[in-house]
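Structure first, commentary second.
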Amino acid sequence: MVLCFLMRETPDRGAEVLMGLKQTGFGVGRIVTLGGHVEPGETPAQAAVREVFEESGVTLTEDNLEHAGTIEFIFPGRPEWDMSTVVFRARTWTGEPEPSEEIAPAWYPVDGVPYPQMWPDSALWMPEVLAGRDFNAVVTLAADNESVAGIVFS
């Protein structure tokens with residue numbers, strides 16, 4: 001999996017991050033970050049470029065990506081859901097975000113991220129991304145496969 005945080009500074013609103021309302025599939029109804037699965041033969045960077053374009057119409061190049069970290073998601077109740085995720089930031093791209101079948105993108109202030117509308121683990125690791133720090137984390141989910149049982153940073 002890959003996640004890609006598009007970030008910008010605006011004179012009137014300050015630092016913002018692009019996320020969107022998930023409209024189909026896993027996580028429908030939640031505010032999520034752009035991203036998805038790495039296809040066979042793709043690198044994580046190639047997948048991030050493709051996923052951002054598919055979900056928002058924004059064009060990135062691999063040179064626009066900044067490695068932000070990694071997250072290992074562990075689902076003890078559903079081990080087949082375990083996933084390794086590479087996280088990127090981007091501050092340069094071409095185009096304006098447009099809604100897709102999967103995501104309704106919107107800009108959110110970095111100091112006003114809607115964590116209650118997101119996956120519960122997001123509030124634990126996303127501040128690292130938004131602060132510009134590189135991180136590695138292991139997130140272990142609880143039996144309900146949504147609540148966080150624990151997080152370890154390394």
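Chains: A, B, ... in order of the structure tokens. Residues: from 1 per chain. Ligands: from 1, in order shown.
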For this session: Pick out the residues sitting within 12 Å of Ala143 in chain A, and hand them over as a VMD selection string; count only C-alpha atoms, and ignore anything fewer than 5 positions along from it in its own chain.
Result: chain A and resid 74 to 79 148 to 150
Exercise. What's the 6 Å shell around Leu34 in chain A, counting only C-alpha atoms, without same-chain residues fewer than 5 positions away, as a PyMOL selection string?
Worked result: chain A and resi 3-4+52
Exercise. Using only C-alpha atoms, which residues sit within 10 Å of Phe135 in chain A once same-chain residues fewer than 2 positions away are excluded, as a list in words?
Worked result: His67, Ala68, Gly69, Thr70, Ile71, Val87, Trp125, Met126, Glu128, Val129, Gly132, Arg133, Ala137, Phe153 and Ser154 of chain A
Exercise. In Å, with one decimal, what is the gap from CA of Asp12 in chain A to CA of Asp111 in chain A?
Worked result: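 Spanning CA of Asp12 in chain A to CA of Asp111 in chain A is a straight-line distance of 14.0 Å.
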Residue contacts of Gly36 in chain A (10 Å, only C-alpha atoms) excluding same-chain residues fewer than 6 positions away, as a CSV table (one decimal) with C-alpha atoms, in the first residue's frame:
chain,number,residue,atom,x,y,z
A,1,MET,CA,0.0,0.0,0.0
A,2,VAL,CA,1.0,3.6,-0.5
A,3,LEU,CA,-0.4,6.9,1.0
A,4,CYS,CA,0.4,10.3,-0.5
A,44,PRO,CA,5.7,2.3,-4.3
A,47,ALA,CA,1.9,3.5,-7.3
A,48,ALA,CA,1.7,6.8,-5.5
A,50,ARG,CA,-0.8,6.5,-10.3
A,51,GLU,CA,-3.1,6.5,-7.3
A,52,VAL,CA,-3.0,10.3,-6.8
A,55,GLU,CA,-8.2,9.5,-7.3
A,85,THR,CA,2.4,0.9,3.7
Exercise. Between A:Ile103, A:Val139, A:Leu124, A:Ile151, which one has atoms that come closest to Leu21 in chain A, using only C-alpha atoms?
Worked result: A:Ile103
Exercise. When DSSP works through the backbone of this structure, what residues of range 121-154 of chain A end up as alpha helix (DSSP H), shown as a list in words?
Worked result: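 Going through range 121-154 of chain A, the alpha helix (DSSP H) residues come out as Ser122, Ala123, Leu124, Trp125, Met126, Pro127, Glu128, Val129 and Leu130 of chain A.
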With N, CA, C and O atoms retained, export the selected residues as a short mmCIF file (atom, residue, chain, number, x, y, z; two decimals), in the first residue's frame.
data_model
loop_
_atom_site.label_atom_id
_atom_site.label_comp_id
_atom_site.auth_asym_id
_atom_site.auth_seq_id
_atom_site.Cartn_x
_atom_site.Cartn_y
_atom_site.Cartn_z
N SER A 122 -5.17 7.12 12.50
CA SER A 122 -4.61 8.29 11.81
C SER A 122 -4.11 9.36 12.77
O SER A 122 -3.07 9.97 12.53
N ALA A 123 -4.85 9.60 13.84
CA ALA A 123 -4.46 10.63 14.79
C ALA A 123 -3.16 10.32 15.50
O ALA A 123 -2.52 11.22 16.06
N LEU A 124 -2.73 9.06 15.47
CA LEU A 124 -1.51 8.66 16.17
C LEU A 124 -0.25 8.85 15.34
O LEU A 124 0.80 9.17 15.88
N TRP A 125 -0.32 8.65 14.01
CA TRP A 125 0.88 8.76 13.17
C TRP A 125 0.87 9.92 12.20
O TRP A 125 1.91 10.40 11.79
N MET A 126 -0.31 10.41 11.83
CA MET A 126 -0.38 11.47 10.84
C MET A 126 0.28 12.77 11.28
O MET A 126 0.86 13.48 10.44
N PRO A 127 0.28 13.14 12.55
CA PRO A 127 1.02 14.35 12.95
C PRO A 127 2.50 14.30 12.56
O PRO A 127 3.10 15.35 12.28
N GLU A 128 3.10 13.11 12.51
CA GLU A 128 4.49 12.99 12.08
C GLU A 128 4.64 13.42 10.62
O GLU A 128 5.57 14.13 10.25
N VAL A 129 3.71 12.98 9.77
CA VAL A 129 3.72 13.35 8.36
C VAL A 129 3.56 14.85 8.22
O VAL A 129 4.32 15.51 7.50
N LEU A 130 2.57 15.41 8.89
CA LEU A 130 2.25 16.82 8.75
C LEU A 130 3.35 17.72 9.29
O LEU A 130 3.52 18.85 8.82
#
For this session: Any chance you could list, as an MDAnalysis selection string, the residues in range 16-127 of chain A that come up strand (DSSP E or B) when DSSP is run on the backbone?
Result: chainID A and resid 16:22 31:32 34:36 59 65:74 83:90 94 103:109
Save out the residues we just selected, N, CA and C atoms, as an mmCIF file, in the first residue's frame.
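Final output, result.cif:
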data_model
loop_
_atom_site.group_PDB
_atom_site.id
_atom_site.type_symbol
_atom_site.label_atom_id
_atom_site.label_comp_id
_atom_site.auth_asym_id
_atom_site.auth_seq_id
_atom_site.Cartn_x
_atom_site.Cartn_y
_atom_site.Cartn_z
ATOM 1 N N GLU A 16 -2.052 23.442 4.432
ATOM 2 C CA GLU A 16 -3.189 22.565 4.164
ATOM 3 C C GLU A 16 -2.709 21.227 3.626
ATOM 4 N N VAL A 17 -3.567 20.222 3.807
ATOM 5 C CA VAL A 17 -3.298 18.877 3.312
ATOM 6 C C VAL A 17 -4.521 18.399 2.531
ATOM 7 N N LEU A 18 -4.268 17.728 1.407
ATOM 8 C CA LEU A 18 -5.357 17.202 0.594
ATOM 9 C C LEU A 18 -5.731 15.805 1.066
ATOM 10 N N MET A 19 -6.991 15.648 1.394
ATOM 11 C CA MET A 19 -7.559 14.341 1.722
ATOM 12 C C MET A 19 -8.924 14.294 1.051
ATOM 13 N N GLY A 20 -9.695 13.246 1.300
ATOM 14 C CA GLY A 20 -10.999 13.220 0.680
ATOM 15 C C GLY A 20 -11.942 12.233 1.329
ATOM 16 N N LEU A 21 -13.213 12.421 1.030
ATOM 17 C CA LEU A 21 -14.254 11.520 1.508
ATOM 18 C C LEU A 21 -14.264 10.283 0.624
ATOM 19 N N LYS A 22 -14.074 9.123 1.234
ATOM 20 C CA LYS A 22 -14.048 7.848 0.513
ATOM 21 C C LYS A 22 -15.475 7.502 0.108
ATOM 22 N N ILE A 31 -12.977 10.118 5.966
ATOM 23 C CA ILE A 31 -12.005 11.006 5.335
ATOM 24 C C ILE A 31 -10.702 10.209 5.287
ATOM 25 N N VAL A 32 -10.114 10.117 4.105
ATOM 26 C CA VAL A 32 -8.901 9.321 3.917
ATOM 27 C C VAL A 32 -7.866 10.120 3.124
ATOM 28 N N LEU A 34 -5.098 10.127 -0.065
ATOM 29 C CA LEU A 34 -4.999 9.515 -1.383
ATOM 30 C C LEU A 34 -4.006 8.364 -1.325
ATOM 31 N N GLY A 35 -4.308 7.294 -2.040
ATOM 32 C CA GLY A 35 -3.393 6.159 -2.064
ATOM 33 C C GLY A 35 -4.123 4.873 -2.361
ATOM 34 N N GLY A 36 -3.371 3.781 -2.298
ATOM 35 C CA GLY A 36 -3.960 2.485 -2.572
ATOM 36 C C GLY A 36 -2.916 1.411 -2.739
ATOM 37 N N THR A 59 -1.474 15.446 -11.292
ATOM 38 C CA THR A 59 -0.322 14.771 -11.882
ATOM 39 C C THR A 59 0.922 15.039 -11.059
ATOM 40 N N LEU A 65 7.894 13.342 -5.129
ATOM 41 C CA LEU A 65 7.606 12.622 -3.888
ATOM 42 C C LEU A 65 8.741 12.723 -2.889
ATOM 43 N N GLU A 66 8.356 12.915 -1.643
ATOM 44 C CA GLU A 66 9.295 12.904 -0.517
ATOM 45 C C GLU A 66 8.881 11.743 0.390
ATOM 46 N N HIS A 67 9.803 10.845 0.655
ATOM 47 C CA HIS A 67 9.500 9.721 1.547
ATOM 48 C C HIS A 67 9.197 10.269 2.930
ATOM 49 N N ALA A 68 8.062 9.855 3.502
ATOM 50 C CA ALA A 68 7.658 10.343 4.818
ATOM 51 C C ALA A 68 7.724 9.264 5.886
ATOM 52 N N GLY A 69 7.644 7.989 5.466
ATOM 53 C CA GLY A 69 7.701 6.941 6.470
ATOM 54 C C GLY A 69 7.109 5.636 5.991
ATOM 55 N N THR A 70 7.006 4.713 6.946
ATOM 56 C CA THR A 70 6.396 3.414 6.681
ATOM 57 C C THR A 70 5.497 3.051 7.855
ATOM 58 N N ILE A 71 4.454 2.301 7.542
ATOM 59 C CA ILE A 71 3.551 1.805 8.582
ATOM 60 C C ILE A 71 3.261 0.341 8.283
ATOM 61 N N GLU A 72 3.438 -0.487 9.279
ATOM 62 C CA GLU A 72 3.015 -1.885 9.212
ATOM 63 C C GLU A 72 1.702 -1.961 9.984
ATOM 64 N N PHE A 73 0.636 -2.341 9.297
ATOM 65 C CA PHE A 73 -0.661 -2.515 9.949
ATOM 66 C C PHE A 73 -0.854 -4.001 10.240
ATOM 67 N N ILE A 74 -1.108 -4.314 11.501
ATOM 68 C CA ILE A 74 -1.284 -5.688 11.950
ATOM 69 C C ILE A 74 -2.740 -5.850 12.421
ATOM 70 N N MET A 83 -0.907 -5.261 6.332
ATOM 71 C CA MET A 83 -0.362 -4.556 5.169
ATOM 72 C C MET A 83 0.827 -3.696 5.539
ATOM 73 N N SER A 84 1.745 -3.625 4.592
ATOM 74 C CA SER A 84 2.897 -2.735 4.679
ATOM 75 C C SER A 84 2.578 -1.513 3.833
ATOM 76 N N THR A 85 2.790 -0.343 4.395
ATOM 77 C CA THR A 85 2.419 0.900 3.726
ATOM 78 C C THR A 85 3.621 1.843 3.684
ATOM 79 N N VAL A 86 3.864 2.412 2.513
ATOM 80 C CA VAL A 86 4.885 3.442 2.342
ATOM 81 C C VAL A 86 4.146 4.775 2.243
ATOM 82 N N VAL A 87 4.610 5.754 3.002
ATOM 83 C CA VAL A 87 3.953 7.059 3.080
ATOM 84 C C VAL A 87 4.841 8.104 2.408
ATOM 85 N N PHE A 88 4.214 8.926 1.551
ATOM 86 C CA PHE A 88 4.905 10.005 0.855
ATOM 87 C C PHE A 88 4.226 11.337 1.142
ATOM 88 N N ARG A 89 5.015 12.413 0.973
ATOM 89 C CA ARG A 89 4.506 13.782 0.936
ATOM 90 C C ARG A 89 4.843 14.342 -0.435
ATOM 91 N N ALA A 90 4.039 15.285 -0.914
ATOM 92 C CA ALA A 90 4.354 16.003 -2.144
ATOM 93 C C ALA A 90 3.932 17.456 -1.961
ATOM 94 N N THR A 94 0.966 19.053 -10.733
ATOM 95 C CA THR A 94 0.288 19.783 -11.806
ATOM 96 C C THR A 94 -1.197 19.469 -11.741
ATOM 97 N N ILE A 103 -13.025 9.066 -4.594
ATOM 98 C CA ILE A 103 -12.695 10.081 -3.585
ATOM 99 C C ILE A 103 -13.296 11.433 -3.972
ATOM 100 N N ALA A 104 -13.834 12.150 -2.983
ATOM 101 C CA ALA A 104 -14.232 13.551 -3.149
ATOM 102 C C ALA A 104 -13.169 14.377 -2.415
ATOM 103 N N PRO A 105 -12.125 14.848 -3.140
ATOM 104 C CA PRO A 105 -11.009 15.506 -2.470
ATOM 105 C C PRO A 105 -11.367 16.890 -1.925
ATOM 106 N N ALA A 106 -10.686 17.257 -0.847
ATOM 107 C CA ALA A 106 -10.864 18.573 -0.235
ATOM 108 C C ALA A 106 -9.594 18.929 0.529
ATOM 109 N N TRP A 107 -9.324 20.217 0.632
ATOM 110 C CA TRP A 107 -8.175 20.710 1.396
ATOM 111 C C TRP A 107 -8.594 20.923 2.845
ATOM 112 N N TYR A 108 -7.746 20.470 3.770
ATOM 113 C CA TYR A 108 -7.994 20.631 5.195
ATOM 114 C C TYR A 108 -6.815 21.357 5.828
ATOM 115 N N PRO A 109 -7.099 22.280 6.765
ATOM 116 C CA PRO A 109 -5.988 22.936 7.455
ATOM 117 C C PRO A 109 -5.196 21.909 8.266
#
Exercise. Using only C-alpha atoms, which residue out of A:Glu146, A:Asp134, A:Thr24, A:Gly41 lies closest to Ser100 in chain A?
Worked result: A:Thr24
For this session: Give me, please, the distance in Å between CA of Gly57 in chain A and CA of Gly95 in chain A, quoted to one decimal.
Result: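 Going from CA of Gly57 in chain A over to CA of Gly95 in chain A covers 7.1 Å.
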For this session: Could you please determine the separation between CA of Trp93 in chain A and CA of Pro114 in chain A in Å, to one decimal place?
Result: 23.8 Å
Problem set entry | Selected residue, from A:Gly112, A:Pro120, A:Pro40, A:Pro99, that lies nearest to Ala15 in chain A when counting only C-alpha atoms |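 Checking each of A:Gly112, A:Pro120, A:Pro40, A:Pro99 against Ala15 in chain A, counting only C-alpha atoms, the winner is A:Gly112.
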